[in-house]
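J.: Let me begin by handing over the structure; questions about it come next.
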Amino acid sequence: MGRVLTRSESDFTLQDNEFELTEKDFKFIQWFLHKTVGIYLSDRKRAMVYGRLSRQMRQRGLQRFADYRMLIETDEQERILFINSLTTNKTEFFREYHHFEFLEKVMLNEWQTNKRDSINIWSAGCSTGQEPYSLISSLYVSGAMEMFDEVSIRATDLDTKVLAHAKAGIYSADSVESIPSKYLKPCFVKGKQQQEGKIKIAKGLQKYVHFSRLNLLDSWPTKPKFDLISCRNVMIYFDKPTQEALLKRFHQALKPNGILFIGHSESVGACSELFHHLGQTIYVKQ
Ligand SMILES: C[S@@+](CC[C@H](N)C(=O)[O-])C[C@H]1O[C@@H](n2cnc3c(N)ncnc32)[C@H](O)[C@@H]1O
């Protein structure tokens, strides 16, 4: 039996646990996750780490975190499952609705005025797909498919589990609550029989969204360049140097006057000379 901190650093109790998560184990996990995917786990995440990784260890019949550490260092598939178990995937349809209003009321006009024939959007850190499907619904309802020859959304995430959900495009009944009615009927279909009570993104819209696994810390394809990058509620898990490096790469990946959406608690920080703030976490490439 091991012992582990079960609450925040400042308010912890020790209790008996199945496995022993030593200080060395925890520091390794912090370092390894940060090095591979940029996610910074504070010391207060110790109980969360224990809970999620002990499940992995139990499934593999491992007794010691030292053995689990060796496994994730040497086995690519295990490393993917380790990362999946430590990501935070909270999302919802039309989250931070002002971004969709801006897309519909400002960007579509702008792109039309500039006689764009194709529109490329990147949802970076798309989780289970609600963000790219909200973007494509917003474009569809506003008539973007008639305005441009080509509309394409690239949707990427690190986590293979959420990507599988995103590709299927099927969501529980309660997710309907965050979908404004003007998008619900034209863009989603109701599930029947086994899928009763669920909703699915319409097939005709799903084809515009292309999902793939991408670690934002790895190299990216250099083309296409994007008219809009939506990277919302992802950088919040990174430390400042990782955020800064990522913002510089987003800047390069955007077309001239390209737009960047970030999450409500994020900012462009040290890269403010690269982006002009248009308000409400919306930035334009300088
Ligand atoms: C909280 S969700 C945000 C989802 C959506 N963008 C939104 O705002 O609703 C954060 C997502 O970022 C992904 N993520 C974290 N680190 C990443 C990395 N290094 N590369 C790619 N995706 C990453 C996670 O797997 C997770 O699905």
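Naming works like this for the structure tokens: A, B, ... for the chains as they're shown, residue 1 at the start of each chain, ligands 1 onward in shown order.
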Kindly compile the residues surrounding ligand 1 within 6 Å, counting only C-alpha atoms and all ligand atoms, and format them as a list in words.
T.: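 Selection of residues at most 6 Å from ligand 1: Val37, Gly38, Ile39, Thr87, Thr88, Asn89, Lys90, Thr91, Glu92, Gly125, Cys126, Ser127, Glu131, Asp157, Leu158, Asp159, Leu214, Asn215, Leu216, Leu217, Cys231, Arg232, Asn233 and Val234 of chain A.
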J.: Please identify all polymer residues within 10 Å of A:Asp174, counting only C-alpha atoms, omitting same-chain residues fewer than 2 positions from it, and present them as a compact mmCIF listing (two decimals) with N, CA and C atoms, in the first residue's frame.
T.:
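Just written: part_32.txt:
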# COMPACT_ATOMS: atom_id res chain seq x y z
N TYR A 171 -23.66 12.87 -30.76
CA TYR A 171 -23.62 13.52 -29.44
C TYR A 171 -24.89 13.24 -28.64
N SER A 172 -24.75 13.30 -27.32
CA SER A 172 -25.89 13.00 -26.45
C SER A 172 -26.94 14.12 -26.53
N VAL A 176 -27.63 19.27 -27.20
CA VAL A 176 -28.54 20.11 -28.01
C VAL A 176 -28.76 21.47 -27.33
N GLU A 177 -28.72 21.45 -25.99
CA GLU A 177 -29.01 22.67 -25.23
C GLU A 177 -28.13 23.86 -25.61
N SER A 178 -26.89 23.58 -26.03
CA SER A 178 -26.01 24.71 -26.35
C SER A 178 -26.06 25.08 -27.85
N ILE A 179 -26.94 24.41 -28.62
CA ILE A 179 -27.02 24.73 -30.06
C ILE A 179 -28.19 25.68 -30.31
N GLY A 197 -32.62 9.72 -29.22
CA GLY A 197 -32.28 10.72 -28.20
C GLY A 197 -30.97 11.44 -28.48
N LYS A 198 -30.18 10.89 -29.42
CA LYS A 198 -28.90 11.54 -29.72
C LYS A 198 -29.03 12.39 -30.99
N ILE A 199 -28.01 13.19 -31.25
CA ILE A 199 -28.00 13.95 -32.50
C ILE A 199 -26.68 13.68 -33.24
J.: I'd like the neighbourhood of A:Asp239 as a list in words, where a residue qualifies if any of its atoms comes within 12 Å (using only C-alpha atoms), though same-chain residues fewer than 5 positions away should be ignored.
T.: His34, Lys35, Val37, Gly38, Ile39, Tyr40, Leu41, Ser42, Val234, Glu244, Ala245, Leu246, Glu266 and Gly269 of chain A
J.: Would you mind reading off the distance between atom CA of A:Lys225 and atom CA of A:Arg249, one decimal, in Å?
T.: 11.3 Å
J.: Find the residues near A:Ser134: any atom within 12 Å, counting only C-alpha atoms, skip ones fewer than 2 places away on the same chain, and give them as a ChimeraX atom specification.
T.: /A:91-97,99-101,103-104,123,126,128-132,136-141,153,155,169,175-176,178-180,182-184,187-188,201-202,205-206,208-209,230
J.: Could you work out how far atom CA of A:Gln243 lies from atom CA of A:Arg79, giving the answer in Å with one decimal?
T.: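 Here the two named atoms are 22.8 Å from each other.
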J.: Expressed in Å to a single decimal, how great is the separation between atom CA of A:Asn109 and atom CA of A:Lys223?
T.: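 Between these atoms lies a distance of 24.3 Å.
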J.: I need the residue nearest A:Glu110 from this list: A:Glu73, A:Asp227, A:Glu273, A:Glu150. Use only C-alpha atoms for the distance.
T.: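 Using only C-alpha atoms, the shortest distance to A:Glu110 belongs to A:Asp227.
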J.: Determine, using only C-alpha atoms, which residues of stretch 80-192 of chain A have any atom at most 12 Å from an atom of stretch 45-68 of chain A, and tabulate each with its shortest atom pair and distance in Å to one decimal place, rows ordered by chain and then rising number, as CSV.
T.:
residue,atom,partner,partner_atom,distance
A:Ile80,CA,A:Gln56,CA,11.9
A:Leu81,CA,A:Gln56,CA,8.4
A:Phe82,CA,A:Leu53,CA,7.4
A:Ile83,CA,A:Leu53,CA,10.1
A:Asn84,CA,A:Arg52,CA,9.9
A:Ser85,CA,A:Arg52,CA,6.2
A:Leu86,CA,A:Arg52,CA,7.1
A:Thr87,CA,A:Arg52,CA,10.3
A:Thr88,CA,A:Met48,CA,11.1
J.: Export all heavy atoms of the chosen residues as a CSV table (one decimal), in the first residue's frame?
T.:
chain,number,residue,atom,x,y,z
A,80,ILE,N,0.7,7.1,-26.0
A,80,ILE,CA,-0.6,7.7,-26.5
A,80,ILE,C,-1.7,7.6,-25.5
A,80,ILE,O,-2.4,8.5,-25.2
A,80,ILE,CB,-1.0,7.1,-27.9
A,80,ILE,CG1,0.0,7.5,-29.0
A,80,ILE,CG2,-2.4,7.5,-28.2
A,80,ILE,CD1,-0.2,6.9,-30.3
A,81,LEU,N,-1.8,6.4,-24.9
A,81,LEU,CA,-2.9,6.1,-23.9
A,81,LEU,C,-2.6,7.0,-22.6
A,81,LEU,O,-3.5,7.5,-22.0
A,81,LEU,CB,-3.0,4.7,-23.5
A,81,LEU,CG,-3.4,3.8,-24.7
A,81,LEU,CD1,-3.4,2.3,-24.4
A,81,LEU,CD2,-4.8,4.2,-25.2
A,82,PHE,N,-1.3,7.1,-22.3
A,82,PHE,CA,-0.9,7.9,-21.1
A,82,PHE,C,-1.4,9.4,-21.4
A,82,PHE,O,-2.0,10.0,-20.5
A,82,PHE,CB,0.6,7.8,-20.9
A,82,PHE,CG,1.3,8.9,-20.2
A,82,PHE,CD1,1.2,9.0,-18.8
A,82,PHE,CD2,2.0,9.9,-20.8
A,82,PHE,CE1,1.8,10.0,-18.1
A,82,PHE,CE2,2.6,10.9,-20.1
A,82,PHE,CZ,2.5,11.0,-18.7
A,83,ILE,N,-1.1,9.9,-22.5
A,83,ILE,CA,-1.4,11.3,-22.9
A,83,ILE,C,-2.9,11.4,-22.9
A,83,ILE,O,-3.5,12.4,-22.3
A,83,ILE,CB,-0.8,11.7,-24.2
A,83,ILE,CG1,0.7,11.7,-24.1
A,83,ILE,CG2,-1.3,13.0,-24.7
A,83,ILE,CD1,1.4,11.7,-25.5
A,84,ASN,N,-3.6,10.5,-23.5
A,84,ASN,CA,-5.1,10.5,-23.6
A,84,ASN,C,-5.7,10.6,-22.2
A,84,ASN,O,-6.6,11.4,-21.9
A,84,ASN,CB,-5.7,9.3,-24.2
A,84,ASN,CG,-5.6,9.2,-25.7
A,84,ASN,OD1,-5.0,10.1,-26.3
A,84,ASN,ND2,-6.0,8.1,-26.3
A,85,SER,N,-5.1,9.9,-21.2
A,85,SER,CA,-5.7,9.9,-19.9
A,85,SER,C,-5.4,11.2,-19.1
A,85,SER,O,-6.1,11.4,-18.1
A,85,SER,CB,-5.2,8.7,-19.1
A,85,SER,OG,-3.8,8.7,-18.9
A,86,LEU,N,-4.5,12.0,-19.6
A,86,LEU,CA,-4.2,13.2,-18.8
A,86,LEU,C,-4.6,14.5,-19.5
A,86,LEU,O,-4.4,15.6,-19.0
A,86,LEU,CB,-2.7,13.3,-18.5
A,86,LEU,CG,-2.2,12.3,-17.5
A,86,LEU,CD1,-0.7,12.4,-17.3
A,86,LEU,CD2,-2.9,12.4,-16.1
A,87,THR,N,-5.3,14.4,-20.7
A,87,THR,CA,-5.8,15.6,-21.3
A,87,THR,C,-7.1,16.0,-20.7
A,87,THR,O,-7.8,15.2,-20.1
A,87,THR,CB,-6.0,15.4,-22.8
A,87,THR,OG1,-6.8,14.3,-23.0
A,87,THR,CG2,-4.7,15.2,-23.6
A,88,THR,N,-7.4,17.3,-20.8
A,88,THR,CA,-8.8,17.8,-20.4
A,88,THR,C,-9.5,18.2,-21.6
A,88,THR,O,-9.0,19.0,-22.4
A,88,THR,CB,-8.6,19.1,-19.5
A,88,THR,OG1,-7.8,18.6,-18.4
A,88,THR,CG2,-9.9,19.6,-18.9
J.: Can you pull out the residues contacting A:Val151? Cut-off 9 Å, using only C-alpha atoms, and skip same-chain residues under 5 positions away; I want them as a list in words.
T.: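 Contacts, in chain order: Asp117, Ser118, Ile119, Asn120, Ile121, Ile136, Leu139, Ala144, Met145 and Tyr208 of chain A.
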J.: Enumerate as a PyMOL selection string all residues of stretch 16-133 of chain A assigned to helix (DSSP H, G or I) by DSSP on the backbone, naming them with the chain letters and numbers the document uses.
T.: chain A and resi 23-37+43-60+65-74+76-86+98-113+130-133
J.: Could you please take those selected residues and save C-alpha atoms as a compact mmCIF listing (two decimals), in the first residue's frame?
T.:
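To be explicit, this is the file written out as again.txt:
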# COMPACT_ATOMS: atom_id res chain seq x y z
CA GLU A 23 7.68 12.41 -5.35
CA LYS A 24 10.16 11.13 -7.96
CA ASP A 25 7.35 9.40 -9.92
CA PHE A 26 5.19 12.52 -9.88
CA LYS A 27 8.06 14.81 -10.93
CA PHE A 28 8.87 12.43 -13.79
CA ILE A 29 5.24 12.44 -14.98
CA GLN A 30 5.12 16.26 -14.82
CA TRP A 31 8.36 16.53 -16.77
CA PHE A 32 7.52 13.82 -19.32
CA LEU A 33 4.06 15.21 -20.15
CA HIS A 34 5.43 18.73 -20.49
CA LYS A 35 8.29 17.57 -22.70
CA THR A 36 6.10 15.50 -25.04
CA VAL A 37 2.94 17.60 -25.38
CA ASP A 43 1.65 20.01 -7.99
CA ARG A 44 -2.04 20.35 -7.13
CA LYS A 45 -2.84 17.84 -9.89
CA ARG A 46 -1.24 14.99 -7.96
CA ALA A 47 -4.53 13.34 -6.94
CA MET A 48 -5.89 13.65 -10.49
CA VAL A 49 -2.71 12.08 -11.88
CA TYR A 50 -2.90 9.26 -9.36
CA GLY A 51 -6.56 8.58 -10.13
CA ARG A 52 -6.17 8.50 -13.89
CA LEU A 53 -2.87 6.62 -14.08
CA SER A 54 -3.67 4.04 -11.41
CA ARG A 55 -6.53 2.92 -13.68
CA GLN A 56 -4.00 2.37 -16.49
CA MET A 57 -1.69 0.45 -14.15
CA ARG A 58 -4.48 -1.78 -12.86
CA GLN A 59 -5.52 -2.67 -16.41
CA ARG A 60 -1.94 -3.74 -17.15
CA PHE A 65 4.75 3.55 -10.95
CA ALA A 66 8.41 2.93 -11.81
CA ASP A 67 7.28 0.09 -14.13
CA TYR A 68 4.58 2.29 -15.66
CA ARG A 69 7.16 5.02 -16.25
CA MET A 70 9.37 2.59 -18.13
CA LEU A 71 6.40 1.45 -20.23
CA ILE A 72 5.44 4.93 -21.39
CA GLU A 73 9.03 5.80 -22.21
CA THR A 74 9.55 2.73 -24.38
CA GLU A 76 4.59 4.45 -28.36
CA GLN A 77 1.07 3.03 -28.01
CA GLU A 78 1.24 3.19 -24.21
CA ARG A 79 2.52 6.76 -24.47
CA ILE A 80 -0.57 7.69 -26.52
CA LEU A 81 -2.87 6.15 -23.87
CA PHE A 82 -0.92 7.92 -21.11
CA ILE A 83 -1.42 11.26 -22.88
CA ASN A 84 -5.12 10.53 -23.56
CA SER A 85 -5.67 9.90 -19.89
CA LEU A 86 -4.16 13.25 -18.81
CA HIS A 98 -19.22 35.86 -29.98
CA HIS A 99 -16.62 34.10 -32.17
CA PHE A 100 -19.37 32.65 -34.36
CA GLU A 101 -21.13 36.03 -34.57
CA PHE A 102 -17.86 37.61 -35.65
CA LEU A 103 -17.34 34.94 -38.29
CA GLU A 104 -20.85 35.42 -39.69
CA LYS A 105 -21.17 39.20 -39.41
CA VAL A 106 -17.62 40.39 -40.09
CA MET A 107 -15.37 37.76 -41.63
CA LEU A 108 -17.70 36.47 -44.34
CA ASN A 109 -18.20 40.02 -45.67
CA GLU A 110 -14.48 40.67 -45.50
CA TRP A 111 -13.59 37.49 -47.38
CA GLN A 112 -16.26 38.16 -50.00
CA THR A 113 -15.09 41.74 -50.48
CA GLN A 130 -18.14 20.40 -31.22
CA GLU A 131 -15.90 23.35 -32.18
CA PRO A 132 -15.28 22.47 -35.86
CA TYR A 133 -18.88 21.32 -36.31
J.: For A:Thr242, which of A:Val268, A:Phe226, A:Asn114, A:Gly263 is the closest residue, counting only C-alpha atoms?
T.: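 Answer, going by the shortest atom-to-atom distance: A:Val268.
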J.: Would you please work out which residue, of A:Lys203, A:Leu21, A:His251, A:Gln193, is nearest to A:Ser272 when using only C-alpha atoms?
T.: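 Nearest to A:Ser272: A:His251.
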J.: Taking only C-alpha atoms into account, name the residue in A:Lys192, A:Arg213, A:Lys240, A:Lys248 that is nearest to A:Leu274.
T.: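 Among the listed residues, the smallest separation from A:Leu274 belongs to A:Lys248.
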